$ cat work.cif   # mmCIF, C-alpha atoms
data_protein
loop_
_atom_site.label_atom_id
_atom_site.label_comp_id
_atom_site.auth_asym_id
_atom_site.auth_seq_id
_atom_site.Cartn_x
_atom_site.Cartn_y
_atom_site.Cartn_z
CA MET I 1 -16.11 -24.58 -23.26
CA PRO I 2 -18.87 -23.22 -20.96
CA ALA I 3 -18.54 -19.66 -19.68
CA PRO I 4 -17.37 -19.27 -16.08
CA PRO I 5 -20.07 -18.52 -13.52
CA PRO I 6 -20.94 -14.85 -12.94
CA ALA I 7 -19.14 -14.77 -9.58
CA ALA I 8 -15.88 -15.64 -11.33
CA GLN I 9 -16.39 -12.79 -13.80
CA THR I 10 -17.23 -10.14 -11.22
CA ALA I 11 -14.81 -10.87 -8.39
CA GLY I 12 -14.27 -7.93 -6.08
CA PRO I 13 -14.95 -6.66 -2.57
CA VAL I 14 -18.43 -6.80 -1.07
CA LEU I 15 -19.31 -3.97 1.33
CA ARG I 16 -22.24 -4.00 3.75
CA THR I 17 -24.21 -1.36 5.61
CA THR I 18 -27.35 -1.57 7.74
CA ARG I 19 -29.63 -1.52 4.71
CA LEU I 20 -27.40 -1.97 1.69
CA LEU I 21 -25.00 -4.29 -0.05
CA LEU I 22 -22.33 -2.87 -2.35
CA ARG I 23 -21.07 -5.60 -4.65
CA PRO I 24 -19.41 -5.89 -8.06
CA LEU I 25 -21.77 -5.50 -11.01
CA GLY I 26 -22.51 -8.57 -13.11
CA ALA I 27 -23.94 -9.13 -16.58
CA GLU I 28 -27.21 -10.18 -14.96
CA ASP I 29 -27.62 -6.62 -13.63
CA ALA I 30 -27.89 -5.10 -17.12
CA PRO I 31 -31.72 -5.13 -17.46
CA ALA I 32 -32.30 -3.53 -14.06
CA PHE I 33 -29.40 -1.12 -14.62
CA HIS I 34 -31.02 0.01 -17.87
CA ARG I 35 -34.50 0.43 -16.34
CA LEU I 36 -33.09 2.66 -13.61
CA ILE I 37 -30.73 4.86 -15.62
CA ASN I 38 -32.99 5.37 -18.66
CA ASP I 39 -34.56 8.40 -17.00
CA TRP I 40 -34.14 12.00 -18.10
CA GLU I 41 -33.86 13.21 -14.50
CA ILE I 42 -30.83 10.95 -14.02
CA CYS I 43 -29.13 11.23 -17.40
CA ARG I 44 -29.34 15.02 -17.49
CA ARG I 45 -27.20 15.13 -14.34
CA LEU I 46 -24.54 12.75 -15.69
CA PRO I 47 -22.24 14.30 -18.31
CA ASP I 48 -21.37 10.92 -19.87
CA ALA I 49 -24.89 9.45 -20.04
CA PRO I 50 -26.96 9.85 -23.23
CA PHE I 51 -30.75 9.98 -23.22
CA PRO I 52 -32.54 7.84 -24.21
CA TYR I 53 -30.02 5.42 -22.73
CA PRO I 54 -29.59 2.43 -25.11
CA ALA I 55 -30.04 -0.99 -23.55
CA PRO I 56 -26.82 -2.41 -25.10
CA LEU I 57 -24.86 0.44 -23.48
CA ALA I 58 -25.84 -0.84 -20.01
CA ALA I 59 -24.25 -4.23 -20.72
CA ASP I 60 -21.20 -2.55 -22.26
CA TRP I 61 -20.78 -0.27 -19.24
CA ILE I 62 -20.94 -3.22 -16.83
CA ALA I 63 -18.39 -5.17 -18.87
CA ALA I 64 -16.09 -2.13 -18.95
CA ALA I 65 -16.44 -1.78 -15.15
CA ALA I 66 -15.17 -5.35 -14.70
CA GLU I 67 -12.22 -4.64 -17.01
CA ASP I 68 -11.42 -1.42 -15.14
CA ARG I 69 -11.45 -3.24 -11.80
CA ALA I 70 -9.09 -5.92 -13.11
CA ALA I 71 -6.76 -3.19 -14.43
CA HIS I 72 -6.99 -1.15 -11.17
CA ARG I 73 -8.50 1.79 -13.04
CA ALA I 74 -11.79 1.90 -11.13
CA GLU I 75 -13.89 0.26 -8.43
CA GLN I 76 -17.58 0.27 -9.43
CA PHE I 77 -20.28 -1.24 -7.22
CA ALA I 78 -23.91 -2.19 -7.60
CA VAL I 79 -25.87 -0.58 -4.76
CA VAL I 80 -28.35 -3.25 -3.69
CA GLU I 81 -31.03 -3.33 -1.02
CA ALA I 82 -29.71 -5.99 1.36
CA GLU I 83 -33.07 -7.52 2.33
CA SER I 84 -34.67 -7.80 -1.11
CA GLY I 85 -31.64 -7.88 -3.40
CA THR I 86 -33.13 -5.07 -5.49
CA LEU I 87 -30.66 -3.02 -7.51
CA LEU I 88 -30.97 0.63 -6.49
CA GLY I 89 -28.15 2.20 -8.50
CA VAL I 90 -24.37 2.41 -8.80
CA ALA I 91 -21.54 3.97 -6.79
CA GLY I 92 -17.86 3.86 -7.59
CA LEU I 93 -14.44 5.41 -7.77
CA ARG I 94 -12.37 6.12 -10.88
CA LEU I 95 -8.73 5.83 -9.83
CA ALA I 96 -5.82 7.96 -10.94
CA LYS I 97 -2.58 6.24 -11.89
CA GLY I 98 -0.88 5.04 -8.73
CA GLN I 99 -4.20 5.24 -6.86
CA LYS I 100 -3.16 8.38 -4.97
CA SER I 101 -6.45 10.06 -5.89
CA ALA I 102 -9.86 9.03 -7.16
CA GLU I 103 -13.08 10.56 -8.43
CA LEU I 104 -16.29 9.55 -6.65
CA GLY I 105 -19.45 8.99 -8.69
CA TYR I 106 -22.90 7.64 -7.90
CA TRP I 107 -26.51 7.58 -9.05
CA LEU I 108 -29.69 5.91 -7.81
CA GLY I 109 -32.97 5.22 -9.55
CA ARG I 110 -35.49 8.00 -8.99
CA ALA I 111 -37.82 5.77 -6.94
CA HIS I 112 -35.05 5.44 -4.34
CA TRP I 113 -34.28 9.14 -3.85
CA GLY I 114 -34.89 10.89 -0.56
CA GLN I 115 -34.39 7.82 1.64
CA GLY I 116 -30.77 8.31 2.69
CA TYR I 117 -29.46 5.49 0.49
CA THR I 118 -26.99 7.68 -1.40
CA LEU I 119 -25.33 8.98 1.75
CA GLU I 120 -25.23 5.48 3.26
CA ALA I 121 -23.66 3.96 0.15
CA ALA I 122 -21.15 6.74 -0.45
CA ARG I 123 -20.02 6.79 3.18
CA ARG I 124 -19.43 3.03 3.15
CA LEU I 125 -17.54 3.24 -0.13
CA LEU I 126 -15.26 6.01 1.16
CA ASP I 127 -14.60 4.21 4.45
CA TRP I 128 -13.49 1.16 2.48
CA ALA I 129 -11.49 3.14 -0.07
CA PHE I 130 -9.44 5.12 2.45
CA ALA I 131 -8.67 1.88 4.32
CA ALA I 132 -7.89 -0.31 1.31
CA LEU I 133 -6.29 2.08 -1.20
CA PRO I 134 -3.33 4.51 -0.89
CA LEU I 135 -5.56 7.53 -1.56
CA SER I 136 -4.54 10.99 -0.45
CA HIS I 137 -7.80 12.61 -1.57
CA VAL I 138 -11.07 11.99 -3.40
CA THR I 139 -12.78 14.42 -5.77
CA ALA I 140 -16.34 14.64 -7.05
CA THR I 141 -18.05 16.58 -9.83
CA VAL I 142 -21.76 17.38 -9.52
CA ALA I 143 -24.27 19.06 -11.82
CA ALA I 144 -24.65 22.63 -10.59
CA ASP I 145 -28.39 22.23 -9.95
CA ASN I 146 -28.09 18.92 -8.07
CA GLU I 147 -28.54 20.28 -4.55
CA ALA I 148 -29.29 16.85 -3.05
CA SER I 149 -25.99 15.40 -4.26
CA MET I 150 -24.04 18.41 -3.04
CA ALA I 151 -25.66 17.99 0.39
CA VAL I 152 -24.48 14.36 0.45
CA LEU I 153 -20.92 15.44 -0.31
CA ARG I 154 -20.93 18.06 2.43
CA HIS I 155 -22.18 15.44 4.93
CA LEU I 156 -19.21 13.30 3.90
CA GLY I 157 -16.70 16.07 4.56
CA PHE I 158 -16.16 17.29 1.00
CA THR I 159 -15.52 20.97 0.36
CA ALA I 160 -16.28 22.95 -2.80
CA THR I 161 -13.26 23.83 -4.94
CA GLY I 162 -14.81 25.66 -7.90
CA LYS I 163 -17.10 25.57 -10.90
CA GLY I 164 -16.70 24.31 -14.43
CA LEU I 165 -18.28 22.94 -17.60
CA LYS I 166 -18.32 19.41 -19.00
CA ASN I 167 -19.42 18.01 -22.35
CA PHE I 168 -23.11 17.12 -22.15
CA MET I 169 -24.06 13.90 -23.97
CA CYS I 170 -27.78 14.47 -23.46
CA ARG I 171 -27.49 17.68 -25.51
CA PRO I 172 -24.64 17.38 -28.01
CA GLY I 173 -22.80 20.64 -28.45
CA HIS I 174 -23.88 21.91 -25.04
CA LYS I 175 -21.86 22.16 -21.84
CA LEU I 176 -23.16 21.00 -18.46
CA PRO I 177 -22.45 23.46 -15.61
CA VAL I 178 -20.84 21.55 -12.75
CA LYS I 179 -19.33 22.14 -9.32
CA HIS I 180 -16.17 20.48 -8.09
CA PHE I 181 -15.57 19.06 -4.60
CA THR I 182 -12.70 17.37 -2.78
CA ARG I 183 -12.07 15.52 0.46
CA GLU I 184 -8.63 15.00 1.92
CA ARG I 185 -7.59 11.91 3.84
CA GLU I 186 -6.20 14.20 6.57
CA MET I 187 -9.66 14.89 7.98
CA LEU I 188 -9.71 11.31 9.28
CA ALA I 189 -7.00 12.19 11.77
CA ALA I 190 -9.47 14.28 13.72
CA GLY I 191 -11.15 11.05 14.78
CA VAL I 192 -8.46 10.31 17.33
CA ALA I 193 -9.64 13.29 19.38
CA ALA I 194 -12.12 11.05 21.18
CA GLU I 195 -9.18 9.29 22.84
CA ALA I 196 -7.99 12.37 24.71
CA PRO I 197 -9.69 14.92 26.94
CA LYS I 198 -10.61 18.01 24.98
CA GLY I 199 -7.67 20.37 25.09
CA GLY I 200 -5.54 17.75 26.87
CA THR I 201 -2.52 15.69 25.90
CA LEU I 202 -2.69 12.13 24.60
CA LEU I 203 0.46 10.14 25.45
CA VAL I 204 1.30 7.15 23.27
CA ALA I 205 4.46 5.08 22.79
CA ALA I 206 5.68 3.70 19.46
CA ALA I 207 8.48 1.46 18.24
CA ALA I 208 10.59 1.36 15.12
CA LEU I 209 11.19 -2.39 14.92
CA ILE I 210 14.30 -2.97 12.81
CA ASP I 211 15.09 -6.36 11.26
CA ALA I 212 18.45 -7.82 10.22
CA GLN I 213 18.19 -6.16 6.79
CA GLY I 214 17.72 -2.74 8.36
CA ARG I 215 14.05 -2.54 7.39
CA VAL I 216 11.39 -0.94 9.58
CA LEU I 217 8.03 -2.54 10.37
CA LEU I 218 4.93 -0.52 9.55
CA ALA I 219 1.32 -1.40 10.35
CA ARG I 220 -1.67 -0.19 8.36
CA ARG I 221 -4.80 0.61 10.33
CA PRO I 222 -7.69 -1.63 9.17
CA GLU I 223 -11.12 -0.49 8.10
CA GLY I 224 -13.28 0.51 11.04
CA LYS I 225 -10.37 1.93 13.04
CA LYS I 226 -9.70 5.64 13.43
CA MET I 227 -7.41 6.86 10.62
CA ALA I 228 -8.04 3.61 8.70
CA GLY I 229 -5.67 3.05 5.80
CA LEU I 230 -2.76 5.05 7.19
CA TRP I 231 0.54 3.39 8.00
CA GLU I 232 2.13 3.86 11.42
CA PHE I 233 4.80 2.60 13.76
CA PRO I 234 3.42 -0.09 16.10
CA GLY I 235 2.46 1.04 19.58
CA GLY I 236 -0.41 2.57 21.49
CA LYS I 237 -1.59 4.78 24.27
CA LEU I 238 -0.48 4.43 27.88
CA GLU I 239 -2.82 3.01 30.47
CA PRO I 240 -3.01 4.73 33.89
CA GLY I 241 0.17 4.03 35.86
CA GLU I 242 2.13 2.61 32.89
CA THR I 243 5.56 3.76 31.79
CA PRO I 244 6.06 4.25 28.02
CA GLU I 245 8.29 1.16 27.92
CA ALA I 246 5.73 -1.04 29.70
CA ALA I 247 2.93 0.22 27.50
CA LEU I 248 4.97 -0.46 24.38
CA ALA I 249 5.82 -4.03 25.44
CA ARG I 250 2.12 -4.66 26.12
CA GLU I 251 1.00 -3.17 22.80
CA LEU I 252 3.56 -5.19 20.81
CA ARG I 253 2.32 -8.35 22.49
CA GLU I 254 -1.36 -7.55 21.91
CA GLU I 255 -1.04 -6.20 18.35
CA LEU I 256 1.77 -8.33 16.91
CA GLY I 257 2.26 -11.32 19.21
CA LEU I 258 5.84 -10.28 19.96
CA GLU I 259 7.57 -10.71 23.31
CA THR I 260 9.96 -7.88 24.09
CA ASN I 261 12.09 -6.73 26.99
CA PRO I 262 11.70 -3.03 27.81
CA LYS I 263 15.47 -2.95 28.43
CA ASP I 264 15.89 -3.49 24.67
CA PHE I 265 13.98 -0.29 23.81
CA ALA I 266 16.44 2.45 22.89
CA PRO I 267 14.96 5.95 23.22
CA PHE I 268 15.26 7.59 19.82
CA VAL I 269 13.06 10.66 19.32
CA PHE I 270 9.63 11.95 20.19
CA ALA I 271 6.77 13.30 18.12
CA SER I 272 4.68 16.25 19.24
CA HIS I 273 1.67 17.20 17.15
CA ALA I 274 -1.27 19.52 17.78
CA TYR I 275 -4.59 18.22 16.49
CA GLU I 276 -7.66 20.40 16.48
CA SER I 277 -8.85 19.58 20.00
CA PHE I 278 -5.93 17.84 21.71
CA HIS I 279 -2.17 17.42 21.61
CA LEU I 280 -0.38 14.15 20.80
CA LEU I 281 2.95 13.35 22.47
CA MET I 282 4.67 10.17 21.30
CA PRO I 283 8.07 8.89 22.45
CA VAL I 284 9.55 6.60 19.79
CA PHE I 285 11.95 3.77 20.63
CA LEU I 286 14.25 1.67 18.45
CA CYS I 287 14.04 -2.09 18.95
CA ARG I 288 16.16 -4.77 17.25
CA ARG I 289 15.44 -7.73 19.56
CA TRP I 290 12.17 -9.61 20.11
CA LYS I 291 10.81 -13.13 20.26
CA GLY I 292 8.38 -14.42 17.67
CA GLU I 293 7.31 -13.32 14.21
CA PRO I 294 5.02 -10.30 13.76
CA GLN I 295 1.39 -11.37 13.34
CA ALA I 296 -1.48 -9.09 12.31
CA ARG I 297 -3.66 -9.83 15.34
CA GLU I 298 -5.98 -6.83 14.85
CA GLY I 299 -6.64 -7.12 11.12
CA GLN I 300 -3.91 -4.66 10.18
CA ALA I 301 -1.62 -5.06 7.17
CA LEU I 302 2.10 -5.29 7.91
CA ALA I 303 5.08 -4.27 5.79
CA TRP I 304 8.84 -4.35 6.26
CA VAL I 305 10.03 -1.16 4.58
CA ALA I 306 13.51 0.04 3.67
CA PRO I 307 14.25 3.42 5.30
CA ASP I 308 14.50 5.24 1.96
CA ARG I 309 11.00 4.01 1.01
CA LEU I 310 9.17 5.08 4.15
CA VAL I 311 8.11 8.29 2.42
CA GLU I 312 5.99 6.21 -0.01
CA TYR I 313 3.61 5.13 2.78
CA PRO I 314 0.85 7.59 3.81
CA MET I 315 1.08 8.24 7.56
CA PRO I 316 -0.71 10.33 10.17
CA PRO I 317 0.68 13.87 10.54
CA ALA I 318 2.38 13.01 13.84
CA ASP I 319 4.38 10.15 12.26
CA ARG I 320 5.58 11.85 9.09
CA PRO I 321 8.36 13.97 10.71
CA LEU I 322 9.96 10.73 11.92
CA ILE I 323 10.67 9.53 8.39
CA PRO I 324 13.80 11.65 7.64
CA MET I 325 15.18 10.97 11.11
CA LEU I 326 14.93 7.20 10.66
CA ARG I 327 16.21 7.38 7.08
CA ASP I 328 19.28 9.37 8.08
CA PHE I 329 19.99 7.28 11.18
CA LEU I 330 19.59 3.87 9.57
#

$ encode --input "work.cif" --output "structure tokens"
Amino acid sequence: MPAPPPAAQTAGPVLRTTRLLLRPLGAEDAPAFHRLINDWEICRRLPDAPFPYPAPLAADWIAAAAEDRAAHRAEQFAVVEAESGTLLGVAGLRLAKGQKSAELGYWLGRAHWGQGYTLEAARRLLDWAFAALPLSHVTATVAADNEASMAVLRHLGFTATGKGLKNFMCRPGHKLPVKHFTREREMLAAGVAAEAPKGGTLLVAAAALIDAQGRVLLARRPEGKKMAGLWEFPGGKLEPGETPEAALARELREELGLETNPKDFAPFVFASHAYESFHLLMPVFLCRRWKGEPQAREGQALAWVAPDRLVEYPMPPADRPLIPMLRDFL
């Protein structure tokens, strides 16, 4: 039986930037992968890379990356120049069990250093990961003398957490000095500040839509939106002159295709949360009656969630205090 085509073997997301394409690695990448990584200046900064780097190891690593993706242990990407298709290097995430955390790793061939490719690739990978995976934080470990890589991490919002040593394959019996970094998902919440005057109050209305089984509808912000990847109660900010009820009816129509009557909104609770440069005030209503079926009109994921499972869904800081109130009430 003939082998399946490469695309069938390397299925996975494809991410694009202005200059780059991040795609799954395939067996056909092995020769270029080997040419790039078989460089002392690269291997000496990677604890798990021997030097010289054997050509068969490149093919083995790529095959293992495909297995890890299928098993949800990692997401490894070929970093490719979009215009020419040239392989520049690799960027990926090794996922912890449950995908609550991940370790970021990347390397580019030496000829491609100093051109901003690493920052561009890593930023795109993180944007996708926080939107598509239930990550609470991402870590990274960098050789202590790799100032360029540490600068990339700082640009991406990572902070240093300490120093350490790792086994060094390039020099058996030696330890590689490293520095550890982390980035929390919470920093994404600061992005909503652009929606409110600095130091002012942003007023939004939200609904806990409750179905016949007593489940609550949550929506997950899609990639490209502020706070992408976090789950929230449907709703949105008030337009000038709108009441909270009118704004909520409009938002439910625009976001979910639902027709609602503001008279069916039962005031339940309000959220009040201070972000760094503004204050969020959010009245929350209960709603059990609407016309239509919820549709993801803005690319968001939707989930009907039992009240006792709401805590399993990562939410913005302003939404989290609502979880015990809904759980106890419903």

$ atom_distance --input "work.cif" --atom1 "CA of Pro54 in chain I" --atom2 "CA of Ala74 in chain I"
22.6 Å

$ closest_residue --input "work.cif" --among "I:Val178, I:Leu165, I:Leu20, I:Val305" --to "Met150 in chain I" --atoms "only C-alpha atoms"
I:Val178

$ residues_around --input "work.cif" --residues "range 250-260 of chain I" --least-positions-apart "2" --cutoff "10 Å" --atoms "only C-alpha atoms" --output "ChimeraX atom specification"
/I:205-207,219,234-238,242,244-248,262-265,287-300,302

$ resolve_selection --input "work.cif" --expression "the PyMOL selection byres ((chain I and resi 319) around 12)" --output "PyMOL selection string"
chain I and resi 189+204-208+218+230-235+269-273+280-284+310-311+313-318+320-326

$ write_last_selection --input "work.cif" --atoms "C-alpha atoms" --output "short mmCIF file (atom, residue, chain, number, x, y, z; two decimals), in the frame of the given file"
data_model
loop_
_atom_site.label_atom_id
_atom_site.label_comp_id
_atom_site.auth_asym_id
_atom_site.auth_seq_id
_atom_site.Cartn_x
_atom_site.Cartn_y
_atom_site.Cartn_z
CA ALA I 189 -7.00 12.19 11.77
CA VAL I 204 1.30 7.15 23.27
CA ALA I 205 4.46 5.08 22.79
CA ALA I 206 5.68 3.70 19.46
CA ALA I 207 8.48 1.46 18.24
CA ALA I 208 10.59 1.36 15.12
CA LEU I 218 4.93 -0.52 9.55
CA LEU I 230 -2.76 5.05 7.19
CA TRP I 231 0.54 3.39 8.00
CA GLU I 232 2.13 3.86 11.42
CA PHE I 233 4.80 2.60 13.76
CA PRO I 234 3.42 -0.09 16.10
CA GLY I 235 2.46 1.04 19.58
CA VAL I 269 13.06 10.66 19.32
CA PHE I 270 9.63 11.95 20.19
CA ALA I 271 6.77 13.30 18.12
CA SER I 272 4.68 16.25 19.24
CA HIS I 273 1.67 17.20 17.15
CA LEU I 280 -0.38 14.15 20.80
CA LEU I 281 2.95 13.35 22.47
CA MET I 282 4.67 10.17 21.30
CA PRO I 283 8.07 8.89 22.45
CA VAL I 284 9.55 6.60 19.79
CA LEU I 310 9.17 5.08 4.15
CA VAL I 311 8.11 8.29 2.42
CA TYR I 313 3.61 5.13 2.78
CA PRO I 314 0.85 7.59 3.81
CA MET I 315 1.08 8.24 7.56
CA PRO I 316 -0.71 10.33 10.17
CA PRO I 317 0.68 13.87 10.54
CA ALA I 318 2.38 13.01 13.84
CA ARG I 320 5.58 11.85 9.09
CA PRO I 321 8.36 13.97 10.71
CA LEU I 322 9.96 10.73 11.92
CA ILE I 323 10.67 9.53 8.39
CA PRO I 324 13.80 11.65 7.64
CA MET I 325 15.18 10.97 11.11
CA LEU I 326 14.93 7.20 10.66
#

$ residues_near_point --input "work.cif" --point "(-19.1, 3.9, 4.2)" --cutoff "12 Å" --atoms "all atoms listed in the file" --output "tab-separated table (two decimals) with C-alpha atoms, keeping the file's coordinate frame"
chain	number	residue	atom	x	y	z
I	14	VAL	CA	-18.43	-6.80	-1.07
I	15	LEU	CA	-19.31	-3.97	1.33
I	16	ARG	CA	-22.24	-4.00	3.75
I	17	THR	CA	-24.21	-1.36	5.61
I	18	THR	CA	-27.35	-1.57	7.74
I	19	ARG	CA	-29.63	-1.52	4.71
I	20	LEU	CA	-27.40	-1.97	1.69
I	21	LEU	CA	-25.00	-4.29	-0.05
I	22	LEU	CA	-22.33	-2.87	-2.35
I	91	ALA	CA	-21.54	3.97	-6.79
I	92	GLY	CA	-17.86	3.86	-7.59
I	117	TYR	CA	-29.46	5.49	0.49
I	118	THR	CA	-26.99	7.68	-1.40
I	119	LEU	CA	-25.33	8.98	1.75
I	120	GLU	CA	-25.23	5.48	3.26
I	121	ALA	CA	-23.66	3.96	0.15
I	122	ALA	CA	-21.15	6.74	-0.45
I	123	ARG	CA	-20.02	6.79	3.18
I	124	ARG	CA	-19.43	3.03	3.15
I	125	LEU	CA	-17.54	3.24	-0.13
I	126	LEU	CA	-15.26	6.01	1.16
I	127	ASP	CA	-14.60	4.21	4.45
I	128	TRP	CA	-13.49	1.16	2.48
I	129	ALA	CA	-11.49	3.14	-0.07
I	130	PHE	CA	-9.44	5.12	2.45
I	131	ALA	CA	-8.67	1.88	4.32
I	155	HIS	CA	-22.18	15.44	4.93
I	156	LEU	CA	-19.21	13.30	3.90
I	223	GLU	CA	-11.12	-0.49	8.10
I	224	GLY	CA	-13.28	0.51	11.04
I	228	ALA	CA	-8.04	3.61	8.70

$ residues_around --input "work.cif" --residues "Gly164 in chain I" --least-positions-apart "3" --cutoff "12 Å" --atoms "all atoms listed in the file" --output "PyMOL selection string"
chain I and resi 141-144+160-161+167+175-181

$ atom_distance --input "work.cif" --atom1 "CA of Pro240 in chain I" --atom2 "CA of Leu203 in chain I"
10.6 Å

$ closest_residue --input "work.cif" --among "I:Gly89, I:Met169, I:Gly98, I:Leu153" --to "Pro52 in chain I" --atoms "all atoms listed in the file"
I:Met169

$ resolve_selection --input "work.cif" --expression "the PyMOL selection byres ((chain I and resi 38) around 7)" --output "list in words"
His34, Arg35, Leu36, Ile37, Asp39, Trp40, Phe51, Pro52 and Tyr53 of chain I

$ residues_around --input "work.cif" --residues "Gly157 in chain I" --least-positions-apart "2" --cutoff "9 Å" --atoms "all atoms listed in the file" --output "short mmCIF file (atom, residue, chain, number, x, y, z; two decimals) with C-alpha atoms, keeping the file's coordinate frame"
data_model
loop_
_atom_site.label_atom_id
_atom_site.label_comp_id
_atom_site.auth_asym_id
_atom_site.auth_seq_id
_atom_site.Cartn_x
_atom_site.Cartn_y
_atom_site.Cartn_z
CA VAL I 152 -24.48 14.36 0.45
CA LEU I 153 -20.92 15.44 -0.31
CA ARG I 154 -20.93 18.06 2.43
CA HIS I 155 -22.18 15.44 4.93
CA THR I 159 -15.52 20.97 0.36
CA THR I 182 -12.70 17.37 -2.78
CA ARG I 183 -12.07 15.52 0.46
CA GLU I 184 -8.63 15.00 1.92
CA MET I 187 -9.66 14.89 7.98
#

$ closest_residue --input "work.cif" --among "I:Arg185, I:Leu202, I:Leu135, I:Tyr106" --to "Arg45 in chain I" --atoms "all atoms listed in the file"
I:Tyr106

$ atom_distance --input "work.cif" --atom1 "CA of Gly214 in chain I" --atom2 "CA of Lys226 in chain I"
29.1 Å

$ build_atoms --input "work.cif" --residues "range 257-263 of chain I" --atoms "all heavy atoms" --output "compact mmCIF listing (two decimals), keeping the file's coordinate frame"
# COMPACT_ATOMS: atom_id res chain seq x y z
N GLY I 257 1.85 -10.04 18.66
CA GLY I 257 2.26 -11.32 19.21
C GLY I 257 3.74 -11.43 19.50
O GLY I 257 4.30 -12.53 19.56
N LEU I 258 4.40 -10.29 19.70
CA LEU I 258 5.84 -10.28 19.96
C LEU I 258 6.11 -10.12 21.46
O LEU I 258 5.45 -9.35 22.15
CB LEU I 258 6.51 -9.12 19.22
CG LEU I 258 6.40 -9.12 17.69
CD1 LEU I 258 7.10 -7.90 17.13
CD2 LEU I 258 6.98 -10.40 17.10
N GLU I 259 7.10 -10.86 21.95
CA GLU I 259 7.57 -10.71 23.31
C GLU I 259 8.84 -9.86 23.30
O GLU I 259 9.79 -10.17 22.58
CB GLU I 259 7.85 -12.07 23.95
CG GLU I 259 6.60 -12.91 24.18
CD GLU I 259 5.62 -12.25 25.15
OE1 GLU I 259 6.08 -11.51 26.07
OE2 GLU I 259 4.41 -12.45 25.00
N THR I 260 8.82 -8.80 24.07
CA THR I 260 9.96 -7.88 24.09
C THR I 260 10.35 -7.59 25.53
O THR I 260 9.55 -7.74 26.45
CB THR I 260 9.61 -6.56 23.38
OG1 THR I 260 8.43 -6.01 23.99
CG2 THR I 260 9.37 -6.77 21.90
N ASN I 261 11.59 -7.16 25.69
CA ASN I 261 12.09 -6.73 26.99
C ASN I 261 12.26 -5.21 26.94
O ASN I 261 12.98 -4.69 26.10
CB ASN I 261 13.44 -7.39 27.28
CG ASN I 261 13.95 -7.11 28.68
OD1 ASN I 261 13.57 -6.11 29.30
ND2 ASN I 261 14.79 -8.00 29.19
N PRO I 262 11.57 -4.49 27.83
CA PRO I 262 11.70 -3.03 27.81
C PRO I 262 13.15 -2.54 27.86
O PRO I 262 13.43 -1.43 27.39
CB PRO I 262 10.91 -2.60 29.05
CG PRO I 262 9.88 -3.67 29.22
CD PRO I 262 10.59 -4.94 28.83
N LYS I 263 14.06 -3.36 28.39
CA LYS I 263 15.47 -2.95 28.43
C LYS I 263 16.08 -2.88 27.03
O LYS I 263 17.12 -2.26 26.84
CB LYS I 263 16.27 -3.94 29.28
CG LYS I 263 15.90 -3.92 30.76
CD LYS I 263 16.74 -4.89 31.55
CE LYS I 263 16.36 -4.85 33.03
NZ LYS I 263 17.17 -5.82 33.82
